[in-house]
$ cat query_3.pdb   # PDB, C-alpha atoms
ATOM      1  CA  MET G   1      98.694 141.575  10.481
ATOM      2  CA  THR G   2      96.010 139.025  11.413
ATOM      3  CA  ALA G   3      97.424 136.487   8.958
ATOM      4  CA  ALA G   4     100.854 136.964  10.514
ATOM      5  CA  LEU G   5      99.562 136.305  14.070
ATOM      6  CA  LEU G   6      97.441 133.232  13.192
ATOM      7  CA  PRO G   7     100.330 130.702  13.371
ATOM      8  CA  ALA G   8     101.416 132.143  16.722
ATOM      9  CA  LEU G   9      97.903 131.862  18.176
ATOM     10  CA  LEU G  10      97.572 128.255  17.000
ATOM     11  CA  LEU G  11     100.937 127.434  18.586
ATOM     12  CA  ALA G  12      99.912 129.096  21.856
ATOM     13  CA  ALA G  13      96.648 127.109  21.948
ATOM     14  CA  SER G  14      98.606 123.866  21.782
ATOM     15  CA  LEU G  15     100.922 124.823  24.697
ATOM     16  CA  PRO G  16     100.189 124.468  28.443
ATOM     17  CA  ALA G  17      98.495 127.355  30.177
ATOM     18  CA  PHE G  18     101.659 128.734  31.736
ATOM     19  CA  ALA G  19     103.280 129.079  28.247
ATOM     20  CA  TYR G  20     100.900 131.844  27.181
ATOM     21  CA  ALA G  21     103.084 134.411  28.851
ATOM     22  CA  TYR G  22     105.847 133.734  26.368
ATOM     23  CA  VAL G  23     103.863 133.599  23.135
ATOM     24  CA  ALA G  24     102.717 136.938  21.671
ATOM     25  CA  PRO G  25     101.819 138.499  25.059
ATOM     26  CA  GLY G  26     100.482 141.647  23.499
ATOM     27  CA  ALA G  27      98.259 139.864  21.024
ATOM     28  CA  ALA G  28      96.596 137.231  23.292
ATOM     29  CA  PRO G  29      92.811 137.665  23.535
ATOM     30  CA  THR G  30      91.238 138.816  26.779
ATOM     31  CA  ALA G  31      89.684 135.405  27.445
ATOM     32  CA  ALA G  32      93.047 133.735  26.937
ATOM     33  CA  ARG G  33      94.726 136.128  29.377
ATOM     34  CA  GLY G  34      92.016 135.350  31.968
ATOM     35  CA  ALA G  35      92.595 131.640  31.499
ATOM     36  CA  ILE G  36      96.313 132.179  31.913
ATOM     37  CA  ARG G  37      95.826 134.079  35.172
ATOM     38  CA  PHE G  38      93.460 131.394  36.501
ATOM     39  CA  ALA G  39      95.913 128.617  35.646
ATOM     40  CA  LEU G  40      98.795 130.475  37.302
ATOM     41  CA  MET G  41      96.715 131.028  40.441
ATOM     42  CA  GLN G  42      95.849 127.325  40.580
ATOM     43  CA  GLN G  43      99.519 126.434  40.164
ATOM     44  CA  LYS G  44     100.547 128.721  43.046
ATOM     45  CA  GLN G  45      97.782 127.298  45.265
ATOM     46  CA  GLN G  46      98.989 123.754  44.547
ATOM     47  CA  GLN G  47     102.518 124.753  45.463
ATOM     48  CA  LYS G  48     101.304 126.110  48.836
ATOM     49  CA  THR G  49      99.197 123.006  49.642
ATOM     50  CA  PRO G  50     101.235 119.933  50.739
ATOM     51  CA  SER G  51     100.853 117.062  48.331
ATOM     52  CA  SER G  52     101.363 114.343  50.942
ATOM     53  CA  GLY G  53      99.691 113.588  54.255
ATOM     54  CA  PHE G  54      96.119 112.915  55.246
ATOM     55  CA  ARG G  55      93.960 115.781  56.448
ATOM     56  CA  ASN G  56      90.961 115.020  58.614
ATOM     57  CA  PRO G  57      88.076 117.169  57.325
ATOM     58  CA  PHE G  58      86.188 116.775  60.645
ATOM     59  CA  GLY G  59      89.136 117.572  62.938
ATOM     60  CA  GLN G  60      91.045 120.682  63.891
ATOM     61  CA  ALA G  61      93.037 121.756  60.864
ATOM     62  CA  GLN G  62      96.109 122.958  62.756
ATOM     63  CA  ILE G  63      96.548 119.732  64.760
ATOM     64  CA  PRO G  64      98.346 116.689  63.310
ATOM     65  CA  VAL G  65      96.026 113.824  62.518
ATOM     66  CA  ASP G  66      97.549 111.379  65.012
ATOM     67  CA  GLN G  67      97.029 113.904  67.850
ATOM     68  CA  GLN G  68      93.335 114.495  67.177
ATOM     69  CA  PRO G  69      91.259 113.245  70.161
ATOM     70  CA  VAL G  70      88.932 111.246  67.903
ATOM     71  CA  VAL G  71      91.879 109.568  66.179
ATOM     72  CA  GLU G  72      93.475 108.841  69.557
ATOM     73  CA  LEU G  73      90.264 107.060  70.561
ATOM     74  CA  GLN G  74      90.434 104.824  67.500
ATOM     75  CA  THR G  75      94.126 104.160  68.123
ATOM     76  CA  LEU G  76      93.406 103.193  71.737
ATOM     77  CA  ARG G  77      90.870 100.599  70.622
ATOM     78  CA  LYS G  78      93.553  98.934  68.484
ATOM     79  CA  GLU G  79      95.925  98.525  71.433
ATOM     80  CA  PRO G  80      95.962  95.094  73.155
ATOM     81  CA  PHE G  81      93.160  94.523  75.703
ATOM     82  CA  TYR G  82      91.699  98.048  75.488
ATOM     83  CA  ASP G  83      88.804  96.953  73.303
ATOM     84  CA  TRP G  84      87.636  94.499  75.972
ATOM     85  CA  ALA G  85      85.486  97.132  77.678
ATOM     86  CA  ASP G  86      83.638  98.243  74.531
ATOM     87  CA  THR G  87      80.659  96.013  75.371
ATOM     88  CA  SER G  88      79.436  94.811  78.750
ATOM     89  CA  ASP G  89      79.078  91.113  77.843
ATOM     90  CA  THR G  90      82.507  90.906  76.215
ATOM     91  CA  TYR G  91      84.190  92.678  79.115
ATOM     92  CA  THR G  92      82.638  90.380  81.720
ATOM     93  CA  SER G  93      83.533  87.210  79.829
ATOM     94  CA  LYS G  94      87.081  88.399  79.143
ATOM     95  CA  LEU G  95      87.688  89.204  82.812
ATOM     96  CA  GLY G  96      86.255  85.799  83.743
ATOM     97  CA  ASP G  97      88.664  84.076  81.346
ATOM     98  CA  LEU G  98      91.539  86.127  82.760
ATOM     99  CA  TYR G  99      90.601  85.087  86.306
ATOM    100  CA  LYS G 100      90.384  81.390  85.421
ATOM    101  CA  GLY G 101      93.620  81.384  83.440
ATOM    102  CA  THR G 102      95.606  83.243  86.107
ATOM    103  CA  MET G 103      94.129  81.086  88.875
ATOM    104  CA  LEU G 104      94.788  77.768  87.150
ATOM    105  CA  PHE G 105      98.199  78.303  85.592
ATOM    106  CA  ILE G 106      99.895  80.794  87.953
ATOM    107  CA  SER G 107      98.264  81.282  91.362
ATOM    108  CA  LEU G 108      97.398  77.685  92.275
ATOM    109  CA  PRO G 109     100.851  76.259  91.398
ATOM    110  CA  ILE G 110     102.541  78.995  93.449
ATOM    111  CA  ALA G 111     100.191  78.512  96.411
ATOM    112  CA  TYR G 112     100.732  74.747  96.274
ATOM    113  CA  THR G 113     104.428  75.206  97.036
ATOM    114  CA  THR G 114     103.415  76.417 100.531
ATOM    115  CA  TYR G 115     100.143  74.572 101.167
ATOM    116  CA  ASN G 116     100.733  71.117  99.723
ATOM    117  CA  VAL G 117      99.019  68.868 102.266
ATOM    118  CA  LEU G 118      95.702  68.061 100.613
ATOM    119  CA  PRO G 119      92.855  67.938 101.430
ATOM    120  CA  ASN G 120      93.718  69.379 104.872
ATOM    121  CA  GLU G 121      95.114  72.611 103.439
ATOM    122  CA  LEU G 122      92.580  73.026 100.641
ATOM    123  CA  PRO G 123      91.001  76.216 102.126
ATOM    124  CA  GLN G 124      94.443  77.764 102.581
ATOM    125  CA  ILE G 125      95.592  77.021  99.041
ATOM    126  CA  PHE G 126      92.347  78.368  97.553
ATOM    127  CA  LEU G 127      92.444  81.593  99.560
ATOM    128  CA  ALA G 128      96.144  82.160  98.837
ATOM    129  CA  ALA G 129      95.576  81.599  95.104
ATOM    130  CA  ASN G 130      92.548  83.882  95.175
ATOM    131  CA  ILE G 131      94.555  86.683  96.773
ATOM    132  CA  GLY G 132      97.291  86.301  94.169
ATOM    133  CA  THR G 133      94.831  86.261  91.266
ATOM    134  CA  PHE G 134      92.894  89.358  92.309
ATOM    135  CA  GLY G 135      96.167  91.062  93.212
ATOM    136  CA  ALA G 136      97.352  90.548  89.629
ATOM    137  CA  MET G 137      94.041  91.542  88.012
ATOM    138  CA  LEU G 138      93.734  94.836  89.881
ATOM    139  CA  PRO G 139      96.714  96.606  88.221
ATOM    140  CA  PHE G 140      95.664  95.153  84.862
ATOM    141  CA  VAL G 141      92.219  96.788  85.102
ATOM    142  CA  LEU G 142      93.748 100.001  86.467
ATOM    143  CA  ARG G 143      95.879 100.150  83.320
ATOM    144  CA  LEU G 144      92.717 100.033  81.197
ATOM    145  CA  ARG G 145      91.263 102.824  83.334
ATOM    146  CA  VAL G 146      94.287 105.050  82.782
ATOM    147  CA  GLY G 147      94.161 104.650  78.985
ATOM    148  CA  TRP G 148      90.429 105.300  78.645
ATOM    149  CA  GLY G 149      90.639 108.119  81.190
ATOM    150  CA  PHE G 150      93.271 109.888  79.092
ATOM    151  CA  VAL G 151      91.089 109.768  75.972
ATOM    152  CA  SER G 152      88.127 110.929  78.057
ATOM    153  CA  GLU G 153      89.996 114.030  79.193
ATOM    154  CA  ARG G 154      91.102 114.801  75.637
ATOM    155  CA  LEU G 155      87.518 114.682  74.387
ATOM    156  CA  ARG G 156      86.100 116.821  77.217
ATOM    157  CA  GLU G 157      88.723 119.564  77.064
ATOM    158  CA  LYS G 158      87.810 122.802  75.274
ATOM    159  CA  GLU G 159      91.415 123.247  74.175
ATOM    160  CA  THR G 160      93.469 120.522  72.530
ATOM    161  CA  TYR G 161      97.125 120.179  73.415
ATOM    162  CA  PHE G 162      99.401 119.050  70.581
ATOM    163  CA  GLU G 163     103.081 119.007  69.726
ATOM    164  CA  ALA G 164     104.424 120.525  66.510
ATOM    165  CA  GLN G 165     107.680 122.125  65.440
ATOM    166  CA  GLN G 166     109.333 120.867  68.640
ATOM    167  CA  ARG G 167     106.901 122.855  70.789
ATOM    168  CA  GLY G 168     103.840 122.167  72.876
ATOM    169  CA  LEU G 169     100.859 124.147  71.609
ATOM    170  CA  PHE G 170      97.154 124.570  72.327
ATOM    171  CA  ALA G 171      94.327 124.890  69.801
ATOM    172  CA  ARG G 172      90.879 125.993  70.946
ATOM    173  CA  LYS G 173      87.934 123.944  69.712
ATOM    174  CA  ASP G 174      85.018 125.696  68.051
ATOM    175  CA  LYS G 175      81.414 125.058  69.083
ATOM    176  CA  GLU G 176      80.858 122.310  66.528
ATOM    177  CA  GLU G 177      83.991 120.432  67.589
ATOM    178  CA  ILE G 178      83.091 120.742  71.293
ATOM    179  CA  ALA G 179      79.598 119.377  70.615
ATOM    180  CA  ARG G 180      80.958 116.503  68.516
ATOM    181  CA  ASP G 181      83.574 115.449  71.088
ATOM    182  CA  LYS G 182      81.038 115.736  73.898
ATOM    183  CA  LEU G 183      78.657 113.450  72.020
ATOM    184  CA  ILE G 184      81.409 110.894  71.385
ATOM    185  CA  TYR G 185      82.344 110.973  75.079
ATOM    186  CA  LYS G 186      78.775 110.418  76.267
ATOM    187  CA  THR G 187      77.895 107.662  73.799
ATOM    188  CA  GLN G 188      81.193 105.733  73.516
ATOM    189  CA  VAL G 189      83.664 106.563  76.293
ATOM    190  CA  ALA G 190      81.500 107.184  79.372
ATOM    191  CA  PRO G 191      79.870 103.693  79.287
ATOM    192  CA  VAL G 192      83.321 102.104  79.058
ATOM    193  CA  LEU G 193      84.566 104.074  82.054
ATOM    194  CA  ARG G 194      81.541 102.989  84.087
ATOM    195  CA  ARG G 195      82.242  99.335  83.295
ATOM    196  CA  ILE G 196      85.905  99.635  84.217
ATOM    197  CA  ASP G 197      85.155 101.516  87.447
ATOM    198  CA  ALA G 198      82.621  98.861  88.445
ATOM    199  CA  SER G 199      85.141  96.076  87.783
ATOM    200  CA  ILE G 200      87.819  97.878  89.811
ATOM    201  CA  PHE G 201      85.435  98.185  92.748
ATOM    202  CA  LEU G 202      84.388  94.526  92.508
ATOM    203  CA  ILE G 203      87.955  93.211  92.262
ATOM    204  CA  ALA G 204      89.067  95.374  95.193
ATOM    205  CA  VAL G 205      86.161  94.099  97.323
ATOM    206  CA  LEU G 206      86.865  90.453  96.448
ATOM    207  CA  LEU G 207      90.562  90.942  97.168
ATOM    208  CA  GLY G 208      89.758  92.447 100.552
ATOM    209  CA  LEU G 209      87.329  89.620 101.377
ATOM    210  CA  SER G 210      89.960  87.036 100.451
ATOM    211  CA  VAL G 211      92.540  88.668 102.712
ATOM    212  CA  VAL G 212      90.089  88.942 105.600
ATOM    213  CA  SER G 213      88.966  85.334 105.125
ATOM    214  CA  GLY G 214      92.573  84.176 105.223
ATOM    215  CA  GLU G 215      93.178  86.058 108.459
ATOM    216  CA  VAL G 216      89.988  84.667 110.014
ATOM    217  CA  LEU G 217      90.968  81.136 109.005
ATOM    218  CA  ALA G 218      94.444  81.549 110.476
ATOM    219  CA  LEU G 219      93.022  82.881 113.756
ATOM    220  CA  SER G 220      90.428  80.125 113.974
ATOM    221  CA  LEU G 221      92.992  77.382 113.466
ATOM    222  CA  GLY G 222      95.604  79.046 115.628
ATOM    223  CA  GLU G 223      98.628  76.883 116.327
ATOM    224  CA  ALA G 224      96.688  73.897 115.043
ATOM    225  CA  GLY G 225      96.802  75.373 111.566
ATOM    226  CA  PRO G 226      99.255  74.363 108.849
ATOM    227  CA  SER G 227     102.879  75.280 109.370
ATOM    228  CA  THR G 228     104.315  77.833 106.970
ATOM    229  CA  LEU G 229     107.827  78.969 106.155
ATOM    230  CA  LYS G 230     108.923  81.409 108.843
ATOM    231  CA  THR G 231     112.463  82.261 109.892
ATOM    232  CA  PHE G 232     113.014  83.411 113.476
ATOM    233  CA  VAL G 233     116.081  85.482 114.258
ATOM    234  CA  GLY G 234     117.472  87.169 117.345
ATOM    235  CA  GLN G 235     115.278  87.184 120.435
ATOM    236  CA  ASP G 236     112.376  85.493 118.622
ATOM    237  CA  ALA G 237     114.544  82.503 117.813
ATOM    238  CA  ARG G 238     115.721  82.246 121.410
ATOM    239  CA  ASP G 239     112.138  82.471 122.686
ATOM    240  CA  ILE G 240     111.000  79.662 120.411
ATOM    241  CA  THR G 241     113.953  77.506 121.448
ATOM    242  CA  ASN G 242     113.300  78.054 125.128
ATOM    243  CA  ARG G 243     109.603  77.325 124.713
ATOM    244  CA  LEU G 244     110.313  74.086 122.871
ATOM    245  CA  ARG G 245     112.592  73.023 125.703
ATOM    246  CA  ALA G 246     110.305  74.028 128.561
ATOM    247  CA  ASP G 247     106.828  73.292 127.178
ATOM    248  CA  ASP G 248     106.382  69.634 126.258
ATOM    249  CA  GLU G 249     102.841  70.183 124.993
ATOM    250  CA  PHE G 250     103.995  72.946 122.632
ATOM    251  CA  ALA G 251     106.904  70.807 121.429
ATOM    252  CA  ALA G 252     104.604  67.876 120.755
ATOM    253  CA  ARG G 253     102.172  70.095 118.830
ATOM    254  CA  GLU G 254     104.965  71.519 116.684
ATOM    255  CA  GLN G 255     106.235  68.017 116.018
ATOM    256  CA  GLU G 256     102.752  66.908 114.964
ATOM    257  CA  ARG G 257     102.441  69.885 112.614
ATOM    258  CA  ALA G 258     105.721  68.947 110.978
ATOM    259  CA  ARG G 259     104.615  65.327 110.566
ATOM    260  CA  ARG G 260     101.595  66.402 108.534
ATOM    261  CA  LYS G 261     103.921  66.841 105.613
ATOM    262  CA  MET G 262     105.131  63.262 105.923
ATOM    263  CA  LYS G 263     104.646  61.085 102.885
ATOM    264  CA  GLU G 264     103.071  57.652 102.967
ATOM    265  CA  ASP G 265     106.486  55.981 102.968
ATOM    266  CA  GLY G 266     107.559  57.982 106.014
ATOM    267  CA  THR G 267     109.806  60.427 104.152
ATOM    268  CA  GLY G 268     109.403  64.175 103.731
ATOM    269  CA  VAL G 269     109.823  65.190 107.378
ATOM    270  CA  LYS G 270     112.754  67.461 108.138
ATOM    271  CA  PRO G 271     113.833  69.765 110.966
ATOM    272  CA  ALA G 272     112.508  73.325 110.973
ATOM    273  CA  TYR G 273     115.966  74.831 110.467
ATOM    274  CA  CYS G 274     116.189  73.239 107.010
ATOM    275  CA  ASP G 275     114.136  76.130 105.615
ATOM    276  CA  SER G 276     116.930  78.577 106.487
ATOM    277  CA  ARG G 277     120.327  78.410 104.798
ATOM    278  CA  TYR G 278     121.944  80.127 107.778
ATOM    279  CA  TYR G 279     120.727  77.532 110.278
ATOM    280  CA  ARG G 280     121.537  74.650 107.927
ATOM    281  CA  ILE G 281     125.158  75.783 107.931
ATOM    282  CA  LEU G 282     125.151  76.060 111.716
ATOM    283  CA  ALA G 283     123.740  72.545 111.975
ATOM    284  CA  GLY G 284     126.587  71.233 109.859
ATOM    285  CA  GLY G 285     126.780  67.785 108.292
ATOM    286  CA  ASN G 286     125.672  66.785 104.808
ATOM    287  CA  ALA G 287     128.331  69.106 103.360
ATOM    288  CA  GLN G 288     126.927  72.088 105.309
ATOM    289  CA  GLY G 289     123.439  71.220 104.159
ATOM    290  CA  GLY G 290     122.182  70.505 107.664
ATOM    291  CA  VAL G 291     121.738  67.209 109.417
ATOM    292  CA  GLY G 292     118.433  65.569 108.495
ATOM    293  CA  CYS G 293     117.622  68.014 105.702
ATOM    294  CA  ASN G 294     117.607  65.395 102.971
ATOM    295  CA  GLY G 295     113.878  64.754 103.368
ATOM    296  CA  GLN G 296     114.305  61.420 105.198
TER     297      GLN G 296
END
$ encode --input "query_3.pdb" --output "structure tokens"
Amino acid sequence: MTAALLPALLLAASLPAFAYAYVAPGAAPTAARGAIRFALMQQKQQQKTPSSGFRNPFGQAQIPVDQQPVVELQTLRKEPFYDWADTSDTYTSKLGDLYKGTMLFISLPIAYTTYNVLPNELPQIFLAANIGTFGAMLPFVLRLRVGWGFVSERLREKETYFEAQQRGLFARKDKEEIARDKLIYKTQVAPVLRRIDASIFLIAVLLGLSVVSGEVLALSLGEAGPSTLKTFVGQDARDITNRLRADDEFAAREQERARRKMKEDGTGVKPAYCDSRYYRILAGGNAQGGVGCNGQ
């Protein structure tokens, strides 16, 4: 009997664990049957566990990795410009470079199209460019605040919202996860928010001061200030026309303001209506381009 089962036992020993069930099931030793059961249990557990996908051992198991608050923080840092506020020195220097670049290449050229009589209009061109620069920087910094504020809320919440199986779900954090996220918020996110909030306040104050300074300069110069593009229509246009006809001093002052834009060769002066297409057509001449609107 034993001699007859020996070849079968040797064959079973050379087969994988799951093959024991098919080779002499009644004659397998107790230890072999235990090994078979253990191997089958391991095989079933492997079938239940997904073979692909990364699982964060320090996150909430039921939440996808890319929706974990800690992972969202790391992803935010990889987005353009969001890592500027990680350190105080880097953030200050980056904002300074942004101010200088915007001022030099965008704001000053645009302001020069209106205030182009230098050096007489140097304060006006600087203030106008300053207003444009701070006006562009403010929404940029607010965008940084929105991104970091979102991650801040995700870390401070006691329940984590996530989307799975085409549904919006909530998973409650345990005590360890709440303590970990709170520590990350205090040490990494809160300092960044303080820097961004301080920069928003500073930019808003400088923008307000630039606007107020421009208004004060305009009031101080009054009608002696530089002429700017302004189209009068309706009753305003009739009032200006009547004043030019009746007030010689006002007419002379307006003429002098227009001559400030004259070039050295005597060109560059044109009637006020040349800035309006409607009035150029009414003036006629020069193929409906307005008489005297050729800059001579």
$ closest_atom_pairs --input "query_3.pdb" --of "stretch 132-241 of chain G" --to "stretch 62-77 of chain G" --cutoff "8 Å" --atoms "all atoms listed in the file" --output "JSON lines"
{"residue": "G:Gly147", "atom": "CA", "partner": "G:Leu76", "partner_atom": "CA", "distance": 7.4}
{"residue": "G:Trp148", "atom": "CA", "partner": "G:Leu76", "partner_atom": "CA", "distance": 7.8}
{"residue": "G:Val151", "atom": "CA", "partner": "G:Leu73", "partner_atom": "CA", "distance": 6.1}
{"residue": "G:Arg154", "atom": "CA", "partner": "G:Pro69", "partner_atom": "CA", "distance": 5.7}
{"residue": "G:Leu155", "atom": "CA", "partner": "G:Pro69", "partner_atom": "CA", "distance": 5.8}
{"residue": "G:Thr160", "atom": "CA", "partner": "G:Pro69", "partner_atom": "CA", "distance": 8.0}
{"residue": "G:Phe162", "atom": "CA", "partner": "G:Gln67", "partner_atom": "CA", "distance": 6.3}
{"residue": "G:Ala164", "atom": "CA", "partner": "G:Pro64", "partner_atom": "CA", "distance": 7.9}
{"residue": "G:Ala171", "atom": "CA", "partner": "G:Gln62", "partner_atom": "CA", "distance": 7.5}
{"residue": "G:Asp181", "atom": "CA", "partner": "G:Val70", "partner_atom": "CA", "distance": 7.5}
$ closest_atom_pairs --input "query_3.pdb" --of "stretch 135-214 of chain G" --to "stretch 85-96 of chain G" --cutoff "9 Å" --atoms "only C-alpha atoms" --output "tab-separated table"
residue	atom	partner	partner_atom	distance
G:Met137	CA	G:Leu95	CA	8.5
G:Leu144	CA	G:Ala85	CA	8.5
G:Gln188	CA	G:Asp86	CA	7.9
G:Val189	CA	G:Asp86	CA	8.5
G:Pro191	CA	G:Asp86	CA	8.2
G:Val192	CA	G:Ala85	CA	5.6
G:Leu193	CA	G:Ala85	CA	8.3
G:Arg195	CA	G:Ala85	CA	6.9
G:Ile196	CA	G:Ala85	CA	7.0
G:Ser199	CA	G:Thr92	CA	8.7
$ closest_residue --input "query_3.pdb" --among "G:Thr102, G:Val141, G:Glu79, G:Arg253" --to "G:Ala204" --atoms "all atoms listed in the file"
G:Val141
$ closest_residue --input "query_3.pdb" --among "G:Pro109, G:Pro80, G:Gly149, G:Gly59" --to "G:Gly132" --atoms "only C-alpha atoms"
G:Pro109
$ resolve_selection --input "query_3.pdb" --expression "the PyMOL selection byres ((chain G and resi 159) around 7)" --output "PyMOL selection string"
chain G and resi 157-158+160-161+170-173
$ atom_distance --input "query_3.pdb" --atom1 "atom CA of G:Ala237" --atom2 "atom CA of G:Tyr115"
23.4 Å
$ closest_residue --input "query_3.pdb" --among "G:Arg145, G:Arg245, G:Lys100, G:Arg167" --to "G:Asp83" --atoms "only C-alpha atoms"
G:Arg145
$ closest_residue --input "query_3.pdb" --among "G:Ile240, G:Ala61, G:Ile110, G:Leu98" --to "G:Phe134" --atoms "only C-alpha atoms"
G:Leu98
$ atom_distance --input "query_3.pdb" --atom1 "atom CA of G:Ser152" --atom2 "atom CA of G:Lys78"
16.3 Å
$ atom_distance --input "query_3.pdb" --atom1 "atom CA of G:Asp174" --atom2 "atom CA of G:Arg156"
12.8 Å
$ decode --input "query_3.pdb" --residues "stretch 231-247 of chain G" --atoms "C-alpha atoms" --output "mmCIF file, in the first residue's frame"
data_model
loop_
_atom_site.group_PDB
_atom_site.id
_atom_site.type_symbol
_atom_site.label_atom_id
_atom_site.label_comp_id
_atom_site.auth_asym_id
_atom_site.auth_seq_id
_atom_site.Cartn_x
_atom_site.Cartn_y
_atom_site.Cartn_z
ATOM 1 C CA THR G 231 -14.778 112.507 -26.723
ATOM 2 C CA PHE G 232 -17.602 114.943 -25.973
ATOM 3 C CA VAL G 233 -21.063 114.152 -27.278
ATOM 4 C CA GLY G 234 -24.471 115.775 -27.019
ATOM 5 C CA GLN G 235 -24.791 118.741 -24.682
ATOM 6 C CA ASP G 236 -21.181 118.435 -23.481
ATOM 7 C CA ALA G 237 -19.904 118.892 -27.010
ATOM 8 C CA ARG G 238 -22.106 121.937 -27.529
ATOM 9 C CA ASP G 239 -20.942 123.444 -24.229
ATOM 10 C CA ILE G 240 -17.293 123.033 -25.164
ATOM 11 C CA THR G 241 -17.907 124.552 -28.593
ATOM 12 C CA ASN G 242 -19.713 127.540 -27.151
ATOM 13 C CA ARG G 243 -17.013 128.078 -24.547
ATOM 14 C CA LEU G 244 -14.276 127.982 -27.171
ATOM 15 C CA ARG G 245 -16.149 130.605 -29.161
ATOM 16 C CA ALA G 246 -16.987 132.900 -26.256
ATOM 17 C CA ASP G 247 -13.932 132.579 -23.996
#
